[in-house]
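Enquirer: The file below is query-v7.cif, mmCIF, C-alpha atoms:
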```
data_work
loop_
_atom_site.label_atom_id
_atom_site.label_comp_id
_atom_site.auth_asym_id
_atom_site.auth_seq_id
_atom_site.Cartn_x
_atom_site.Cartn_y
_atom_site.Cartn_z
CA MET A 1 34.96 57.60 78.76
CA SER A 2 32.47 59.95 80.44
CA GLU A 3 31.00 57.39 82.85
CA ILE A 4 34.34 55.83 83.88
CA GLN A 5 34.50 54.75 87.51
CA TYR A 6 37.32 53.95 89.91
CA ARG A 7 36.51 51.41 92.63
CA THR A 8 38.63 49.88 95.36
CA ALA A 9 37.81 46.27 96.26
CA LYS A 10 38.32 45.26 99.88
CA ASN A 11 38.29 41.53 99.19
CA ILE A 12 38.30 39.08 96.29
CA LYS A 13 34.54 38.54 96.44
CA GLU A 14 33.92 42.27 96.13
CA ALA A 15 36.33 42.49 93.17
CA VAL A 16 34.48 39.64 91.43
CA THR A 17 31.11 41.33 92.13
CA LEU A 18 32.41 44.63 90.71
CA MET A 19 33.72 42.81 87.62
CA ALA A 20 30.32 41.19 87.07
CA ALA A 21 28.53 44.52 87.56
CA ALA A 22 30.82 46.17 84.99
CA LYS A 23 29.40 43.87 82.29
CA GLY A 24 32.56 43.26 80.34
CA LYS A 25 33.88 46.82 80.78
CA GLY A 26 35.63 46.07 84.07
CA TYR A 27 39.42 46.20 84.20
CA ILE A 28 41.53 45.06 87.12
CA LEU A 29 44.10 47.64 88.21
CA ALA A 30 47.18 45.96 89.68
CA GLY A 31 50.36 47.91 88.87
CA GLY A 32 48.72 49.73 85.97
CA THR A 33 51.93 49.71 83.92
CA ASP A 34 50.07 48.20 80.97
CA LEU A 35 46.49 49.34 81.67
CA LEU A 36 47.25 53.06 82.01
CA VAL A 37 49.37 53.06 78.86
CA GLN A 38 46.61 51.23 76.96
CA MET A 39 43.97 53.67 78.24
CA LYS A 40 46.08 56.61 77.03
CA ALA A 41 46.57 54.94 73.67
CA GLY A 42 42.83 54.32 73.45
CA THR A 43 43.23 50.56 73.03
CA ARG A 44 41.38 49.87 76.29
CA GLU A 45 38.33 51.81 77.43
CA PRO A 46 37.29 50.67 80.89
CA GLY A 47 33.86 51.40 82.31
CA THR A 48 35.05 50.50 85.79
CA ILE A 49 38.64 50.34 86.99
CA ILE A 50 38.84 47.93 89.93
CA ASP A 51 41.88 48.50 92.15
CA VAL A 52 42.79 45.23 93.89
CA LYS A 53 45.89 46.40 95.77
CA LYS A 54 43.96 46.94 99.01
CA ILE A 55 43.15 43.21 99.12
CA PRO A 56 45.79 41.65 101.41
CA GLU A 57 46.04 38.28 99.61
CA MET A 58 46.53 40.07 96.27
CA VAL A 59 49.74 41.77 97.40
CA ARG A 60 51.49 39.24 99.63
CA ILE A 61 53.75 36.24 99.25
CA THR A 62 53.02 33.21 101.43
CA GLU A 63 55.00 30.00 101.90
CA LYS A 64 53.23 26.79 102.89
CA GLY A 65 54.86 23.39 102.96
CA GLY A 66 57.59 24.61 100.63
CA ALA A 67 55.16 26.00 98.02
CA PHE A 68 55.05 29.74 97.39
CA THR A 69 51.88 31.64 96.58
CA ILE A 70 52.38 35.08 95.09
CA GLY A 71 49.42 37.46 95.19
CA ALA A 72 48.60 38.46 91.60
CA ALA A 73 49.12 42.19 92.21
CA THR A 74 52.33 41.93 94.28
CA PRO A 75 54.81 44.46 92.85
CA ALA A 76 57.89 42.98 91.16
CA ALA A 77 60.18 44.93 93.52
CA VAL A 78 58.55 43.23 96.53
CA ILE A 79 59.00 39.82 94.88
CA GLY A 80 62.68 40.62 94.25
CA GLU A 81 63.20 41.42 97.94
CA HIS A 82 61.78 38.12 99.22
CA PRO A 83 64.81 36.11 100.44
CA THR A 84 63.40 32.57 100.54
CA LEU A 85 61.51 32.93 97.26
CA ARG A 86 64.71 34.15 95.60
CA LYS A 87 66.58 31.16 96.95
CA ALA A 88 63.99 28.60 95.86
CA TRP A 89 63.12 30.15 92.46
CA PRO A 90 65.96 32.43 91.32
CA GLY A 91 64.92 32.04 87.67
CA VAL A 92 61.34 33.09 88.29
CA VAL A 93 62.46 36.07 90.36
CA GLU A 94 65.05 37.23 87.79
CA ALA A 95 62.44 36.95 85.03
CA ILE A 96 59.91 39.05 86.98
CA ASN A 97 62.65 41.55 87.84
CA LEU A 98 63.44 42.05 84.14
CA ILE A 99 60.05 43.65 83.45
CA GLY A 100 60.72 47.34 82.77
CA SER A 101 62.69 49.88 84.77
CA THR A 102 63.16 50.34 88.52
CA GLN A 103 60.10 52.60 88.47
CA VAL A 104 58.02 50.00 86.63
CA GLN A 105 59.26 47.32 89.06
CA GLY A 106 57.74 49.35 91.89
CA ARG A 107 54.29 48.72 90.41
CA ALA A 108 54.25 45.95 87.81
CA SER A 109 53.03 42.52 88.93
CA ALA A 110 53.41 38.93 87.75
CA GLY A 111 49.62 38.63 87.54
CA GLY A 112 49.50 41.68 85.29
CA ASN A 113 52.36 40.44 83.11
CA LEU A 114 50.41 37.19 82.64
CA CYS A 115 47.03 38.85 81.94
CA ASN A 116 48.56 41.29 79.44
CA ALA A 117 49.18 38.06 77.48
CA SER A 118 52.16 39.25 75.45
CA PRO A 119 53.96 36.34 73.76
CA ALA A 120 57.18 38.08 74.85
CA ALA A 121 56.21 38.55 78.53
CA ASP A 122 59.40 38.00 80.52
CA SER A 123 57.93 36.33 83.58
CA VAL A 124 55.88 33.72 81.74
CA PRO A 125 58.57 31.33 80.33
CA ALA A 126 60.09 31.10 83.82
CA LEU A 127 56.63 30.50 85.36
CA VAL A 128 55.94 27.79 82.75
CA ALA A 129 59.27 26.12 83.54
CA ALA A 130 58.41 26.33 87.23
CA GLY A 131 55.09 24.50 86.81
CA CYS A 132 53.19 27.49 88.18
CA VAL A 133 49.46 27.15 88.81
CA VAL A 134 47.20 30.19 88.39
CA ARG A 135 44.33 30.58 90.87
CA VAL A 136 41.34 32.27 89.30
CA GLN A 137 38.08 33.37 90.90
CA GLY A 138 34.85 34.34 89.21
CA PRO A 139 31.08 34.31 89.53
CA GLU A 140 31.11 30.50 89.34
CA GLY A 141 33.77 30.11 92.03
CA LYS A 142 37.46 29.27 92.02
CA ARG A 143 39.51 27.24 89.58
CA ASP A 144 43.17 26.50 88.99
CA ILE A 145 44.83 26.76 85.55
CA PRO A 146 48.33 25.51 84.66
CA VAL A 147 50.15 28.67 83.58
CA GLU A 148 51.02 27.28 80.12
CA GLU A 149 47.27 26.99 79.39
CA PHE A 150 46.37 30.45 80.68
CA ASN A 151 47.03 32.46 77.53
CA VAL A 152 45.46 31.45 74.23
CA GLY A 153 46.88 34.08 71.86
CA PRO A 154 48.52 37.51 71.78
CA GLY A 155 46.51 39.64 74.24
CA LYS A 156 44.06 36.78 74.84
CA THR A 157 43.63 34.84 78.08
CA SER A 158 41.44 31.88 78.96
CA LEU A 159 39.66 33.90 81.67
CA LYS A 160 35.87 33.63 81.43
CA PRO A 161 33.71 36.74 81.77
CA GLY A 162 33.95 38.13 85.30
CA GLU A 163 36.95 36.00 86.30
CA ILE A 164 40.05 37.53 87.86
CA VAL A 165 43.50 36.16 88.69
CA VAL A 166 44.05 35.91 92.43
CA SER A 167 47.47 34.31 92.81
CA LEU A 168 50.28 32.30 91.28
CA THR A 169 51.54 29.20 93.10
CA LEU A 170 54.99 27.68 92.62
CA PRO A 171 55.20 24.05 93.79
CA LYS A 172 57.44 22.69 96.52
CA ARG A 173 61.00 22.12 95.36
CA PRO A 174 62.79 18.79 95.71
CA LYS A 175 66.37 18.95 96.96
CA ASN A 176 68.98 19.89 94.35
CA ALA A 177 66.62 21.86 92.17
CA SER A 178 66.95 25.31 90.64
CA ASP A 179 65.95 27.39 87.65
CA ALA A 180 67.12 30.15 85.32
CA TYR A 181 65.66 32.57 82.81
CA LEU A 182 67.53 34.15 79.92
CA ARG A 183 66.26 36.51 77.29
CA LEU A 184 67.91 38.09 74.30
CA ILE A 185 67.36 41.79 73.68
CA PRO A 186 69.22 44.07 71.27
CA ARG A 187 70.28 46.37 74.14
CA THR A 188 71.40 45.66 77.71
CA GLU A 189 68.26 46.83 79.52
CA MET A 190 64.70 48.08 79.05
CA ASP A 191 63.63 46.16 75.97
CA ILE A 192 61.28 43.42 74.85
CA ALA A 193 62.53 39.84 74.45
CA VAL A 194 63.48 38.59 70.99
CA VAL A 195 63.51 35.15 72.61
CA GLY A 196 63.11 34.19 76.27
CA VAL A 197 63.85 30.76 77.77
CA GLY A 198 63.09 29.47 81.26
CA VAL A 199 64.58 26.19 82.47
CA SER A 200 63.86 24.39 85.74
CA LEU A 201 65.96 21.38 86.72
CA ALA A 202 66.11 18.83 89.51
CA MET A 203 69.26 16.73 89.73
CA LYS A 204 70.53 13.68 91.57
CA GLY A 205 74.31 13.70 91.62
CA ASP A 206 75.30 14.88 88.16
CA LYS A 207 72.14 13.52 86.48
CA VAL A 208 69.02 15.46 85.62
CA VAL A 209 65.98 13.74 87.15
CA ASP A 210 63.34 16.32 86.26
CA ALA A 211 63.17 19.26 83.87
CA ARG A 212 60.70 21.76 82.45
CA VAL A 213 61.33 24.27 79.67
CA GLY A 214 59.32 27.41 78.87
CA LEU A 215 59.92 29.26 75.60
CA GLY A 216 58.75 32.82 74.92
CA ALA A 217 58.52 35.32 72.04
CA VAL A 218 58.65 32.65 69.32
CA ALA A 219 54.95 31.74 69.02
CA PRO A 220 51.51 33.31 69.68
CA THR A 221 51.77 32.15 73.31
CA VAL A 222 54.60 31.05 75.60
CA LEU A 223 55.28 27.35 75.00
CA LEU A 224 55.95 24.45 77.33
CA VAL A 225 58.55 22.43 75.40
CA ASP A 226 58.16 18.84 76.62
CA LYS A 227 60.57 17.45 74.02
CA ALA A 228 63.38 19.69 75.25
CA ALA A 229 62.73 18.65 78.85
CA LYS A 230 62.73 14.95 77.86
CA ALA A 231 66.09 15.40 76.11
CA LEU A 232 67.57 16.74 79.35
CA VAL A 233 66.11 14.19 81.78
CA GLY A 234 68.49 11.31 82.46
CA SER A 235 71.46 13.19 81.03
CA THR A 236 74.41 14.86 82.72
CA LEU A 237 73.75 17.94 80.55
CA ASP A 238 76.40 16.60 78.20
CA ASP A 239 76.76 18.13 74.74
CA ALA A 240 74.57 15.50 73.06
CA ALA A 241 71.68 16.12 75.47
CA LEU A 242 72.05 19.90 75.26
CA ASP A 243 72.16 19.75 71.45
CA ALA A 244 69.02 17.59 71.37
CA ALA A 245 67.17 19.91 73.76
CA ALA A 246 68.29 22.98 71.80
CA GLN A 247 67.05 21.36 68.58
CA ALA A 248 63.70 20.62 70.27
CA CYS A 249 63.39 24.32 71.22
CA SER A 250 64.25 25.45 67.69
CA ASP A 251 61.73 22.93 66.28
CA ALA A 252 59.02 24.28 68.60
CA CYS A 253 59.43 27.85 67.30
CA LYS A 254 56.67 29.38 65.20
CA PRO A 255 57.96 32.94 65.28
CA ILE A 256 57.27 36.08 63.31
CA ASP A 257 59.70 38.42 61.56
CA ASP A 258 59.75 41.85 63.17
CA LYS A 259 62.12 44.73 63.87
CA ARG A 260 63.65 42.82 66.81
CA GLY A 261 64.48 39.59 65.01
CA THR A 262 63.87 37.41 62.00
CA VAL A 263 62.30 33.95 62.01
CA LYS A 264 65.70 32.38 61.30
CA TYR A 265 67.47 34.31 64.07
CA ARG A 266 64.79 33.63 66.70
CA THR A 267 64.75 29.92 65.82
CA LYS A 268 68.51 29.63 66.28
CA ILE A 269 68.67 31.74 69.43
CA ALA A 270 65.94 29.66 71.13
CA GLY A 271 68.34 26.71 71.15
CA VAL A 272 71.34 28.77 72.23
CA LEU A 273 69.48 30.26 75.20
CA LEU A 274 68.14 26.85 76.22
CA LYS A 275 71.69 25.54 76.59
CA ARG A 276 72.89 28.56 78.56
CA ALA A 277 69.86 28.65 80.86
CA ALA A 278 70.15 24.91 81.60
CA MET A 279 73.81 25.36 82.53
CA ILE A 280 73.00 28.29 84.82
CA ALA A 281 70.29 26.23 86.56
CA ARG A 282 72.84 23.42 87.04
CA ASP A 283 75.42 25.84 88.42
CA ARG A 284 72.87 27.15 90.88
CA ILE A 285 72.13 23.59 92.07
CA ASN A 286 75.89 23.24 92.61
CA GLY A 287 75.99 26.42 94.69
CA ILE A 288 77.57 28.62 92.03
CA GLU A 289 75.90 32.01 92.03
CA HIS A 290 74.78 33.67 88.84
CA ARG A 291 73.66 37.23 88.58
CA GLY A 292 71.64 36.45 85.48
CA HIS A 293 71.46 39.52 83.27
CA ARG A 294 73.14 41.83 85.75
CA MET B 1 32.00 63.31 85.77
CA ALA B 2 31.82 62.84 89.52
CA LYS B 3 35.03 63.93 91.19
CA ILE B 4 36.77 61.71 93.74
CA HIS B 5 37.92 63.21 97.03
CA VAL B 6 41.39 62.00 98.01
CA THR B 7 43.20 62.49 101.31
CA THR B 8 46.92 61.87 101.17
CA THR B 9 50.29 63.06 102.47
CA ILE B 10 52.60 64.90 100.10
CA ASN B 11 56.13 65.74 101.22
CA GLY B 12 55.03 65.28 104.82
CA ALA B 13 52.03 67.62 104.58
CA PRO B 14 48.45 66.28 104.84
CA THR B 15 46.88 67.13 101.47
CA GLU B 16 43.41 66.81 99.98
CA PHE B 17 42.41 67.06 96.36
CA LEU B 18 39.55 66.34 93.98
CA CYS B 19 40.30 64.33 90.87
CA ASP B 20 38.71 62.47 87.99
CA PRO B 21 38.66 58.65 88.21
CA ASN B 22 41.08 58.33 85.30
CA GLN B 23 43.37 61.27 86.11
CA THR B 24 47.00 60.36 86.78
CA LEU B 25 48.87 61.28 89.94
CA LEU B 26 51.28 63.28 87.75
CA ASP B 27 48.44 65.41 86.35
CA VAL B 28 47.07 66.11 89.83
CA LEU B 29 50.52 67.02 91.17
CA ARG B 30 51.16 69.42 88.32
CA ASP B 31 47.73 70.79 87.40
CA ASN B 32 45.73 70.65 90.65
CA LEU B 33 48.44 71.13 93.27
CA GLY B 34 50.97 73.28 91.39
CA LEU B 35 53.83 70.86 92.08
CA THR B 36 55.39 71.20 88.64
CA GLY B 37 58.81 69.75 89.54
CA SER B 38 57.74 66.31 88.30
CA LYS B 39 57.79 66.43 84.49
CA GLU B 40 55.82 64.61 81.84
CA GLY B 41 58.21 63.28 79.21
CA CYS B 42 56.53 60.28 77.63
CA GLY B 43 53.43 59.66 79.75
CA SER B 44 53.93 55.92 79.34
CA GLY B 45 56.50 54.98 82.00
CA ASP B 46 59.49 54.93 79.67
CA CYS B 47 61.40 58.10 80.55
CA GLY B 48 61.26 58.48 84.35
CA ALA B 49 60.89 62.29 84.31
CA CYS B 50 57.79 61.98 86.53
CA SER B 51 59.51 59.78 89.17
CA VAL B 52 58.10 60.14 92.67
CA MET B 53 58.06 57.98 95.80
CA VAL B 54 54.75 56.35 96.75
CA ASP B 55 54.91 54.71 100.18
CA ASP B 56 58.71 54.76 99.89
CA ARG B 57 58.68 52.95 96.55
CA LEU B 58 60.07 54.60 93.38
CA VAL B 59 57.38 54.81 90.67
CA CYS B 60 56.42 56.79 87.59
CA SER B 61 53.60 59.11 88.65
CA CYS B 62 52.23 59.01 85.08
CA LEU B 63 51.43 55.33 85.67
CA VAL B 64 49.63 55.89 88.99
CA LEU B 65 45.98 56.89 89.09
CA ALA B 66 45.36 59.87 91.35
CA PRO B 67 42.60 58.14 93.38
CA GLU B 68 45.13 55.43 94.28
CA ALA B 69 46.93 58.04 96.42
CA GLU B 70 44.21 57.79 99.08
CA GLY B 71 45.92 57.18 102.42
CA MET B 72 49.35 56.96 100.83
CA LYS B 73 52.59 58.84 101.43
CA ILE B 74 53.83 60.69 98.35
CA ASP B 75 57.28 62.28 98.12
CA THR B 76 58.19 64.49 95.17
CA ILE B 77 61.22 66.54 94.11
CA GLU B 78 59.70 69.55 95.88
CA GLY B 79 60.37 67.83 99.22
CA MET B 80 64.02 67.09 98.51
CA ALA B 81 65.73 70.32 99.54
CA ASP B 82 65.47 71.46 103.16
CA GLY B 83 64.26 75.02 102.61
CA ASP B 84 67.12 76.79 100.82
CA LYS B 85 69.53 73.99 101.69
CA LEU B 86 69.97 71.67 98.74
CA HIS B 87 70.15 67.91 99.17
CA PRO B 88 73.73 66.63 98.58
CA LEU B 89 72.58 65.08 95.28
CA GLN B 90 71.14 68.39 94.08
CA LYS B 91 74.33 70.20 95.06
CA LYS B 92 76.55 67.69 93.33
CA PHE B 93 74.45 67.69 90.15
CA VAL B 94 75.07 71.45 89.93
CA GLU B 95 78.77 71.23 90.78
CA MET B 96 79.49 68.41 88.35
CA ALA B 97 77.23 69.72 85.58
CA ALA B 98 75.11 66.57 85.66
CA LEU B 99 72.35 68.40 83.82
CA GLN B 100 71.91 70.60 80.81
CA CYS B 101 68.31 71.37 79.89
CA GLY B 102 67.06 70.08 83.24
CA ILE B 103 63.82 68.36 82.20
CA CYS B 104 65.00 64.92 83.31
CA THR B 105 66.79 66.19 86.42
CA PRO B 106 63.98 65.96 89.02
CA GLY B 107 63.36 62.35 88.01
CA PHE B 108 67.06 61.49 88.19
CA LEU B 109 67.34 63.10 91.62
CA VAL B 110 64.32 61.29 93.07
CA ALA B 111 65.49 57.97 91.60
CA SER B 112 69.10 58.47 92.78
CA LYS B 113 67.96 59.31 96.31
CA ALA B 114 65.88 56.12 96.34
CA LEU B 115 68.92 54.12 95.23
CA LEU B 116 71.21 55.53 97.93
CA ALA B 117 68.58 54.89 100.61
CA LYS B 118 68.49 51.23 99.56
CA ASN B 119 72.14 50.77 98.63
CA PRO B 120 74.60 53.32 100.10
CA ASN B 121 77.55 51.70 98.33
CA PRO B 122 76.49 50.96 94.75
CA THR B 123 78.87 49.96 91.97
CA GLU B 124 78.83 52.03 88.80
CA THR B 125 77.01 49.17 87.07
CA GLU B 126 74.35 49.13 89.78
CA VAL B 127 73.84 52.89 89.41
CA ARG B 128 73.51 52.55 85.64
CA TYR B 129 70.95 49.72 85.87
CA TRP B 130 68.98 51.44 88.63
CA LEU B 131 68.75 54.61 86.51
CA ALA B 132 68.04 52.79 83.22
CA GLY B 133 64.43 53.97 83.42
CA ASN B 134 65.48 57.63 83.48
CA LEU B 135 66.26 59.05 80.07
CA CYS B 136 68.49 62.08 79.46
CA ARG B 137 69.09 63.41 75.95
CA CYS B 138 71.71 66.02 76.94
CA THR B 139 74.41 64.70 79.22
CA GLY B 140 75.29 61.30 77.81
CA TYR B 141 74.75 60.03 81.37
CA ASP B 142 78.41 59.93 82.48
CA LYS B 143 78.20 63.13 84.48
CA ILE B 144 75.02 61.96 86.20
CA ILE B 145 76.54 58.59 87.10
CA ASN B 146 79.73 60.27 88.36
CA ALA B 147 77.73 62.69 90.51
CA VAL B 148 75.71 59.88 92.10
CA MET B 149 78.88 57.85 92.80
CA GLU B 150 80.52 60.92 94.35
CA VAL B 151 77.55 61.66 96.60
CA ALA B 152 77.35 58.03 97.66
CA ALA B 153 81.01 58.19 98.76
CA GLU B 154 80.47 61.51 100.54
CA MET B 155 77.38 60.31 102.35
CA ARG B 156 79.17 57.14 103.47
CA GLY B 157 82.05 59.31 104.69
CA ALA B 158 79.68 61.55 106.63
CA ALA B 159 77.90 58.54 108.12
CA ASN B 160 81.25 57.13 109.32
CA ALA B 161 82.57 60.44 110.66
#
```
So, in terms of structure tokens, how does the structure I just supplied come out?
Expert:
Amino acid sequence: MSEIQYRTAKNIKEAVTLMAAAKGKGYILAGGTDLLVQMKAGTREPGTIIDVKKIPEMVRITEKGGAFTIGAATPAAVIGEHPTLRKAWPGVVEAINLIGSTQVQGRASAGGNLCNASPAADSVPALVAAGCVVRVQGPEGKRDIPVEEFNVGPGKTSLKPGEIVVSLTLPKRPKNASDAYLRLIPRTEMDIAVVGVGVSLAMKGDKVVDARVGLGAVAPTVLLVDKAAKALVGSTLDDAALDAAAQACSDACKPIDDKRGTVKYRTKIAGVLLKRAAMIARDRINGIEHRGHR
Amino acid sequence: MAKIHVTTTINGAPTEFLCDPNQTLLDVLRDNLGLTGSKEGCGSGDCGACSVMVDDRLVCSCLVLAPEAEGMKIDTIEGMADGDKLHPLQKKFVEMAALQCGICTPGFLVASKALLAKNPNPTETEVRYWLAGNLCRCTGYDKIINAVMEVAAEMRGAANA
């Protein structure tokens, strides 16, 4: 720890250069709500801490042609205060706003939640359902990664040496589209998901024309559950379709037993939450407000 | 280890300090600057005892690196009272016994002030969720929540008077 350095990057290029110079001991500091805890616990020992919050595109939300691009280090509280983003992607915003306490919300970012690569990360199932694309930059240039391919295992990302996450882009919404995120925790606040489900729907009349489902905390990484989405598309979210989609979610589970939940419980709950989240997304399309967890 | 020179504003006063690259803002406040009102409970962002405002945003100072404070505006519990005149929240916490041992109190006060600045008319549920990141092992929370609700009503009354 003796030679540890703190550096502030003024732009993305400088951050990438600092990462390369740190030779694998560089750590990006966004909100620090994971990094500082891990440093204290001794599980991460940075040579260089690279603060990216002075880079304007890292901490802003931009809207272009209906698509939203969220800077990777934008604090969750700032995301929660963005009116048009909330309207277009209420499920993504509620998922990001479930990460930690008010104090943690003031610092924690969606980019950090993704890079921490927890299978139970709250924002990720909603981002997977949303079809989010992750913009990455490194010594070889830029590339885009579908969010469901970004993490490869608990604590493991697909970032190559020297690469950093710059932003998360949510695609343009068709009319009559919305999303929802639900998680189950043993308490009412401040806990880690036993199961988390994100659902994004587009409807025409009372029929689902497009759907995506993201499923968290039941496998080494957050899953995109195509079979559940297929069961919903073409349906009116009738019981048969919801049952089929719930079964697809339960079938996709490869969970562990831990103090928060057993394999059996998680597998069942995955289906239950899928149904509830799909119905909330439909209600939102029909103009019925949901406060989500609060 | 080379020290980093930081220029910042704390409770309205221009302040400079030297810190290590991996020192937290909480450690600098307490150990370098003698501002011991902010407490270290957990050191991992779970308990809220170290709550401060950074650029008008409520954060845990144990999860902020001290060098990040460069050019920022920091507000701590020490800046809450106006000289000997207590802030209405501080007064009400005393009157309604919203504290016992007092370790969590500075964090609750800073967080409650931030809530009322954002939402002058919170429901009890909103107060409870907002303060979910502040832990108290003495009061059972009810007295704290009641005090914050009371102050919110008083401050709205004063604003309308």
Enquirer: Show me, as a ChimeraX atom specification, every residue of chain B with an atom at most 7 Å from chain A, counting only C-alpha atoms.
Expert: /B:1,21,44-45,57-60,63-64,130,132-133
Enquirer: Show which residues sit within 7 Å of A:Val136, as a VMD selection string. Count all atoms listed in the file, and ignore same-chain residues fewer than 4 positions away.
Expert: chain A and resid 142 to 144 163 to 166
Enquirer: Convert the current residue selection to file output with C-alpha atoms, as a PDB file, in the frame of the given file.
Expert:
```pdb
ATOM      1  CA  LYS A 142      37.460  29.270  92.020  1.00  0.00           C
ATOM      2  CA  ARG A 143      39.510  27.240  89.580  1.00  0.00           C
ATOM      3  CA  ASP A 144      43.170  26.500  88.990  1.00  0.00           C
ATOM      4  CA  GLU A 163      36.950  36.000  86.300  1.00  0.00           C
ATOM      5  CA  ILE A 164      40.050  37.530  87.860  1.00  0.00           C
ATOM      6  CA  VAL A 165      43.500  36.160  88.690  1.00  0.00           C
ATOM      7  CA  VAL A 166      44.050  35.910  92.430  1.00  0.00           C
TER       8      VAL A 166
END
```
Enquirer: Excluding A:Lys207 and any residue of its chain fewer than 4 positions from it, enumerate the residues within 12 Å of it, using only C-alpha atoms, and give them as JSON, numbers by chain.
Expert: {"A": [176, 177, 201, 202, 203, 211, 232, 233, 234, 235, 236, 237, 238, 241, 282, 285]}
Enquirer: Deliver the residues from the most recent selection as a file, using C-alpha atoms, as a JSON list (two decimals), keeping the file's coordinate frame.
Expert:
```json
[["chain", "number", "residue", "atom", "x", "y", "z"],
["A", 176, "ASN", "CA", 68.98, 19.89, 94.35],
["A", 177, "ALA", "CA", 66.62, 21.86, 92.17],
["A", 201, "LEU", "CA", 65.96, 21.38, 86.72],
["A", 202, "ALA", "CA", 66.11, 18.83, 89.51],
["A", 203, "MET", "CA", 69.26, 16.73, 89.73],
["A", 211, "ALA", "CA", 63.17, 19.26, 83.87],
["A", 232, "LEU", "CA", 67.57, 16.74, 79.35],
["A", 233, "VAL", "CA", 66.11, 14.19, 81.78],
["A", 234, "GLY", "CA", 68.49, 11.31, 82.46],
["A", 235, "SER", "CA", 71.46, 13.19, 81.03],
["A", 236, "THR", "CA", 74.41, 14.86, 82.72],
["A", 237, "LEU", "CA", 73.75, 17.94, 80.55],
["A", 238, "ASP", "CA", 76.40, 16.60, 78.20],
["A", 241, "ALA", "CA", 71.68, 16.12, 75.47],
["A", 282, "ARG", "CA", 72.84, 23.42, 87.04],
["A", 285, "ILE", "CA", 72.13, 23.59, 92.07]]
```
Enquirer: Could you give me, as number ranges by chain, the residues within 8 Å of B:Asn11, counting only C-alpha atoms and dropping anything in the same chain fewer than 2 positions from it?
Expert: B: 9, 13, 73-76, 78-79
Enquirer: Output C-alpha atoms for every residue in the selection just made, as a PDB file, keeping the file's coordinate frame.
Expert:
```pdb
ATOM      1  CA  THR B   9      50.290  63.060 102.470  1.00  0.00           C
ATOM      2  CA  ALA B  13      52.030  67.620 104.580  1.00  0.00           C
ATOM      3  CA  LYS B  73      52.590  58.840 101.430  1.00  0.00           C
ATOM      4  CA  ILE B  74      53.830  60.690  98.350  1.00  0.00           C
ATOM      5  CA  ASP B  75      57.280  62.280  98.120  1.00  0.00           C
ATOM      6  CA  THR B  76      58.190  64.490  95.170  1.00  0.00           C
ATOM      7  CA  GLU B  78      59.700  69.550  95.880  1.00  0.00           C
ATOM      8  CA  GLY B  79      60.370  67.830  99.220  1.00  0.00           C
TER       9      GLY B  79
END
```
Enquirer: Expressed in Å to a single decimal, how great is the separation between atom CA of A:Ser250 and atom CA of A:Gly271?
Expert: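 According to the coordinates, atom CA of A:Ser250 and atom CA of A:Gly271 are separated by 5.5 Å.
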